[in-house]
$ cat data-v3.txt   # compact mmCIF, C-alpha atoms
# COMPACT_ATOMS: atom_id res chain seq x y z
CA MET C 1 0.00 0.00 0.00
CA GLU C 2 1.30 3.48 -0.86
CA ASP C 3 2.36 5.59 2.11
CA ASN C 4 -0.17 8.35 1.39
CA LYS C 5 -3.06 5.91 1.11
CA ARG C 6 -1.90 4.10 4.24
CA LYS C 7 -1.85 7.36 6.17
CA GLN C 8 -5.35 8.22 4.93
CA ILE C 9 -6.70 4.84 6.03
CA ILE C 10 -5.02 5.13 9.43
CA GLU C 11 -6.49 8.60 9.95
CA LYS C 12 -9.93 7.29 9.02
CA ILE C 13 -9.60 4.43 11.51
CA LYS C 14 -8.47 6.86 14.22
CA LYS C 15 -11.62 8.92 13.67
CA LEU C 16 -13.74 5.77 13.85
CA LEU C 17 -12.02 4.70 17.06
CA ARG C 18 -12.85 8.07 18.60
CA LEU C 19 -16.47 7.69 17.48
CA ALA C 20 -16.48 4.20 19.02
CA LYS C 21 -16.22 5.91 22.42
CA SER C 22 -19.39 7.91 21.75
CA SER C 23 -22.14 7.90 24.36
CA ASN C 24 -24.53 7.05 21.52
CA GLU C 25 -24.46 3.23 21.62
CA HIS C 26 -25.66 2.81 18.03
CA GLU C 27 -23.10 5.26 16.65
CA ALA C 28 -20.34 3.71 18.76
CA ALA C 29 -21.09 0.17 17.60
CA LEU C 30 -21.24 1.16 13.93
CA ALA C 31 -17.92 3.00 14.21
CA ALA C 32 -16.28 0.09 16.04
CA ALA C 33 -17.41 -2.45 13.46
CA LYS C 34 -16.30 -0.26 10.55
CA ALA C 35 -12.89 0.33 12.13
CA GLN C 36 -12.42 -3.41 12.63
CA GLU C 37 -13.43 -4.02 9.01
CA LEU C 38 -10.80 -1.55 7.76
CA LEU C 39 -8.13 -3.04 10.03
CA ALA C 40 -8.78 -6.48 8.55
CA THR C 41 -9.14 -5.26 4.95
CA TYR C 42 -5.86 -3.35 4.92
CA ASN C 43 -4.00 -5.72 7.26
CA LEU C 44 -3.29 -2.99 9.81
CA ASN C 45 -2.80 -3.33 13.55
CA GLU C 46 -2.26 -1.25 16.66
CA GLU C 47 1.42 -0.67 15.84
CA ASP C 48 0.27 1.60 13.03
CA PHE C 49 -1.16 4.05 15.59
CA SER C 50 0.54 6.45 17.92
CA GLU C 51 0.85 5.63 21.61
CA ARG C 52 -1.72 8.34 22.28
CA GLU C 53 -4.31 6.28 20.41
CA MET C 54 -3.49 3.03 22.18
CA PRO C 55 -6.07 1.90 24.76
CA LYS C 56 -4.95 1.88 28.37
CA GLU C 57 -7.46 -0.64 29.69
CA ALA C 58 -9.82 -3.38 28.60
CA GLY C 59 -13.56 -2.90 28.19
CA THR C 60 -16.62 -5.14 28.20
CA ALA C 61 -19.66 -5.74 26.03
CA HIS C 62 -22.43 -8.25 26.66
CA THR C 63 -25.24 -10.17 25.00
CA ASP C 64 -28.37 -11.37 26.77
CA THR C 65 -28.48 -15.17 26.56
CA VAL C 66 -29.92 -17.29 29.39
CA LYS C 67 -28.93 -17.95 32.99
CA LYS C 68 -27.73 -21.47 32.21
CA PRO C 69 -26.77 -21.81 28.53
CA ALA C 70 -26.26 -25.13 26.79
CA GLY C 71 -22.70 -26.29 26.20
CA TRP C 72 -22.69 -25.14 22.58
CA VAL C 73 -23.16 -21.52 23.67
CA TYR C 74 -19.92 -21.65 25.66
CA ILE C 75 -18.12 -23.18 22.68
CA LEU C 76 -19.43 -20.44 20.40
CA ALA C 77 -18.50 -17.68 22.84
CA ALA C 78 -14.99 -19.08 23.25
CA ALA C 79 -14.53 -19.34 19.48
CA VAL C 80 -15.69 -15.78 18.88
CA ALA C 81 -13.60 -14.40 21.74
CA GLY C 82 -10.54 -16.18 20.38
CA ALA C 83 -11.16 -14.91 16.86
CA PHE C 84 -11.16 -11.31 18.10
CA ASP C 85 -8.37 -11.57 20.69
CA SER C 86 -10.81 -11.24 23.58
CA GLN C 87 -11.96 -13.37 26.47
CA TYR C 88 -15.47 -14.06 27.70
CA PHE C 89 -17.32 -15.17 30.78
CA HIS C 90 -20.92 -16.01 31.60
CA HIS C 91 -22.85 -14.12 34.27
CA PRO C 92 -25.37 -16.71 35.52
CA GLY C 93 -27.22 -14.30 37.79
CA GLN C 94 -28.17 -11.98 34.94
CA GLY C 95 -28.00 -14.41 32.04
CA LEU C 96 -25.31 -12.45 30.21
CA THR C 97 -22.44 -13.58 28.00
CA VAL C 98 -19.77 -10.94 28.51
CA PHE C 99 -16.79 -10.24 26.25
CA VAL C 100 -13.66 -8.56 27.58
CA GLY C 101 -11.18 -7.03 25.17
CA VAL C 102 -8.98 -4.09 24.29
CA GLY C 103 -9.80 -1.27 21.89
CA ILE C 104 -12.78 -2.38 19.82
CA ASP C 105 -12.11 -6.13 19.97
CA HIS C 106 -14.77 -6.90 22.59
CA GLU C 107 -17.40 -4.78 20.84
CA VAL C 108 -16.96 -6.53 17.50
CA ALA C 109 -16.78 -9.92 19.25
CA ASN C 110 -20.03 -9.17 21.04
CA PHE C 111 -21.80 -8.15 17.84
CA THR C 112 -20.49 -11.23 16.01
CA PHE C 113 -21.51 -13.55 18.85
CA GLY C 114 -25.02 -12.09 18.97
CA TYR C 115 -25.44 -12.57 15.24
CA LEU C 116 -24.15 -16.16 15.28
CA TYR C 117 -26.13 -17.06 18.43
CA ARG C 118 -29.38 -15.92 16.82
CA SER C 119 -28.53 -17.57 13.49
CA ILE C 120 -27.85 -20.98 15.06
CA ASN C 121 -31.02 -20.79 17.16
CA LYS C 122 -33.01 -19.89 14.05
CA LEU C 123 -31.59 -22.83 12.09
CA ALA C 124 -32.26 -25.14 15.05
CA ALA C 125 -35.89 -24.02 15.23
CA LYS C 126 -36.29 -24.78 11.53
CA PHE C 127 -34.68 -28.20 11.99
CA MET C 128 -36.92 -29.06 14.94
CA SER C 129 -40.07 -28.06 13.05
CA LYS C 130 -39.68 -31.02 10.70
CA SER C 131 -41.97 -34.00 11.25
CA GLN C 132 -39.20 -36.44 12.20
CA GLN C 133 -38.18 -34.25 15.15
CA ARG C 134 -41.76 -33.49 16.18
CA ARG C 135 -42.39 -37.21 16.76
CA LEU C 136 -39.60 -37.44 19.33
CA SER C 137 -40.14 -37.55 23.09
CA THR C 138 -39.42 -34.44 25.13
CA LYS C 139 -36.00 -35.83 26.06
CA GLY C 140 -35.36 -36.83 22.46
CA LYS C 141 -36.27 -33.37 21.20
CA ARG C 142 -33.89 -31.75 23.67
CA LYS C 143 -31.07 -34.10 22.69
CA SER C 144 -31.72 -33.58 18.98
CA ARG C 145 -31.80 -29.78 19.24
CA LEU C 146 -28.67 -29.57 21.36
CA SER C 147 -26.84 -31.91 19.00
CA PHE C 148 -27.83 -29.82 15.99
CA CYS C 149 -26.62 -26.64 17.70
CA LEU C 150 -23.37 -28.31 18.72
CA GLY C 151 -22.69 -29.43 15.16
CA ALA C 152 -23.44 -25.98 13.77
CA THR C 153 -21.31 -24.31 16.42
CA GLN C 154 -18.26 -26.46 15.88
CA VAL C 155 -18.14 -25.85 12.15
CA VAL C 156 -18.59 -22.09 12.70
CA ALA C 157 -15.80 -22.20 15.30
CA LEU C 158 -13.51 -23.87 12.78
CA GLN C 159 -14.32 -21.21 10.18
CA LEU C 160 -13.57 -18.43 12.66
CA ALA C 161 -10.22 -20.00 13.53
CA MET C 162 -9.31 -20.30 9.85
CA GLN C 163 -10.32 -16.69 9.25
CA LYS C 164 -8.06 -15.51 12.06
CA GLN C 165 -5.11 -17.33 10.54
CA VAL C 166 -5.62 -15.40 7.31
CA THR C 167 -6.29 -11.99 8.89
CA PRO C 168 -5.01 -11.88 12.50
CA ILE C 169 -6.30 -9.08 14.70
CA THR C 170 -3.17 -8.47 16.77
CA THR C 171 0.54 -8.66 16.00
CA THR C 172 2.51 -11.21 18.02
CA ALA C 173 4.35 -8.52 19.97
CA LEU C 174 1.12 -6.96 21.24
CA VAL C 175 -0.63 -10.18 22.28
CA PRO C 176 0.81 -10.19 25.84
CA VAL C 177 -0.01 -6.49 26.22
CA LYS C 178 -3.66 -7.06 25.41
CA HIS C 179 -3.76 -10.18 27.52
CA ALA C 180 -2.47 -8.33 30.58
CA LEU C 181 -5.14 -5.63 30.21
CA ILE C 182 -7.87 -8.24 29.81
CA VAL C 183 -6.69 -10.15 32.88
CA GLN C 184 -6.78 -6.94 34.92
CA LYS C 185 -10.36 -6.31 33.82
CA MET C 186 -11.50 -9.85 34.53
CA GLU C 187 -10.09 -9.95 38.04
CA THR C 188 -13.33 -8.48 39.36
CA TYR C 189 -15.50 -11.06 37.55
CA GLY C 190 -16.13 -14.79 37.90
CA VAL C 191 -15.81 -17.21 34.99
CA ARG C 192 -18.25 -20.01 34.26
CA THR C 193 -17.55 -22.98 31.98
CA ASP C 194 -19.58 -26.00 30.97
CA GLU C 195 -19.02 -29.36 29.32
CA THR C 196 -21.17 -31.40 26.94
CA ASP C 197 -21.74 -35.04 27.90
CA PRO C 198 -21.14 -37.29 24.84
CA GLU C 199 -24.19 -39.35 25.80
CA ASP C 200 -26.34 -36.25 25.31
CA VAL C 201 -25.42 -36.01 21.63
CA SER C 202 -27.49 -37.34 18.72
CA GLU C 203 -25.03 -38.18 15.94
CA ARG C 204 -27.57 -37.55 13.17
CA ALA C 205 -28.65 -34.13 14.46
CA TYR C 206 -25.02 -33.21 15.18
CA TRP C 207 -23.91 -33.76 11.58
CA ILE C 208 -26.96 -32.00 10.16
CA GLY C 209 -26.08 -29.11 12.46
CA ARG C 210 -22.54 -29.06 11.07
CA ARG C 211 -23.91 -28.99 7.53
CA GLU C 212 -26.34 -26.17 8.28
CA GLY C 213 -23.80 -24.26 10.36
CA ALA C 214 -21.53 -24.10 7.32
CA THR C 215 -24.17 -21.96 5.59
CA ILE C 216 -23.95 -19.16 8.19
CA ASP C 217 -22.06 -16.08 7.03
CA HIS C 218 -19.37 -15.82 9.73
CA LYS C 219 -17.21 -13.19 8.04
CA ARG C 220 -16.44 -9.90 9.75
CA LYS C 221 -18.85 -7.21 8.75
CA ALA C 222 -20.11 -3.80 9.77
CA MET C 223 -23.43 -3.62 11.56
CA PRO C 224 -26.31 -2.99 9.13
CA LYS C 225 -27.74 0.51 9.00
CA GLY C 226 -30.43 0.95 11.62
CA ALA C 227 -29.36 -2.10 13.63
CA ARG C 228 -29.32 -1.76 17.39
CA PRO C 229 -26.20 -2.94 19.23
CA ILE C 230 -26.55 -5.54 21.96
CA GLY C 231 -25.72 -4.33 25.45
CA ILE C 232 -22.38 -2.60 24.96
CA THR C 233 -20.92 -1.29 28.21
CA ALA C 234 -17.81 0.67 29.02
$ encode --input "data-v3.txt" --output "structure tokens"
Amino acid sequence: MEDNKRKQIIEKIKKLLRLAKSSNEHEAALAAAKAQELLATYNLNEEDFSEREMPKEAGTAHTDTVKKPAGWVYILAAAVAGAFDSQYFHHPGQGLTVFVGVGIDHEVANFTFGYLYRSINKLAAKFMSKSQQRRLSTKGKRKSRLSFCLGATQVVALQLAMQKQVTPITTTALVPVKHALIVQKMETYGVRTDETDPEDVSERAYWIGRREGATIDHKRKAMPKGARPIGITA
């Protein structure tokens, strides 16, 4: 990239990063997503910005899920957090999935997670509406739905990991810097994890879930015009 064009892009991203701190949640989320899109498109990172622009602490953003999510939700949250150099934890008391990151990482991770979470649930509802699933017992329906979601989640997680290899968010030198800031932020929070029992998995539904999960558009994108961000906090 030519130096002049590079400087123009960097200045544009700086303006977006400043807008991302706006008190207007919608404006802030749009700016954050657009800045992340430009960073990925032009293969830029924090080293391209002055120290004055570098964040000094981690922030959080959250999505309303449920008080006790299924195992696939934890897998999805972990995959998204990893893809955007963030960490996450679940707040069981309030039913929140919280992302912790530096700069705009946690905001974009939160938006991406919300989109994928809704997409997988929507596909699962469609799958469960078919006659073969409707004939199952209550326990069978639960097992089938969870297996579908697990299959969809794991293929999406793989796609996110592959995407990060192609367009990493953070340079190697800055990874420990971000990590330290995230750890500081998470010290005041508890972390909840969950495991999926293999006996609770329907192989058929799992593989259909993987097939359907592959159809979800997982690529980084700006929030659509008029969309409302999901629970972004400072």
$ residues_around --input "data-v3.txt" --residues "segment 123-128 of chain C" --least-positions-apart "3" --cutoff "7 Å" --atoms "only C-alpha atoms" --output "ChimeraX atom specification"
/C:119-120,133-134,145,148-149
$ atom_distance --input "data-v3.txt" --atom1 "atom CA of His62 of chain C" --atom2 "atom CA of Val98 of chain C"
4.2 Å
$ closest_residue --input "data-v3.txt" --among "C:Ala83, C:Leu16, C:Leu76, C:Leu116" --to "Thr167 of chain C" --atoms "all atoms listed in the file"
C:Ala83
$ atom_distance --input "data-v3.txt" --atom1 "atom CA of Tyr88 of chain C" --atom2 "atom CA of Glu57 of chain C"
15.8 Å
$ residues_around --input "data-v3.txt" --residues "Ile216 of chain C" --least-positions-apart "3" --cutoff "12 Å" --atoms "all atoms listed in the file" --output "ChimeraX atom specification"
/C:112,115-123,152-153,155-157,159-160,209-213,219
$ closest_residue --input "data-v3.txt" --among "C:His90, C:Lys56, C:Lys68, C:Lys143" --to "Tyr206 of chain C" --atoms "all atoms listed in the file"
C:Lys143
$ atom_distance --input "data-v3.txt" --atom1 "atom CA of Ala109 of chain C" --atom2 "atom CA of Ile10 of chain C"
21.5 Å
$ closest_residue --input "data-v3.txt" --among "C:Leu96, C:Leu136, C:Ile104, C:Ala70" --to "Ala31 of chain C" --atoms "all atoms listed in the file"
C:Ile104
$ closest_residue --input "data-v3.txt" --among "C:Met186, C:Leu146, C:Leu181, C:Met162" --to "Pro69 of chain C" --atoms "only C-alpha atoms"
C:Leu146
$ closest_residue --input "data-v3.txt" --among "C:Val108, C:Ala214, C:Ala205, C:Val102" --to "Lys141 of chain C" --atoms "all atoms listed in the file"
C:Ala205
$ closest_residue --input "data-v3.txt" --among "C:Asn4, C:Thr65, C:Ser131, C:Gln87" --to "Gln184 of chain C" --atoms "all atoms listed in the file"
C:Gln87
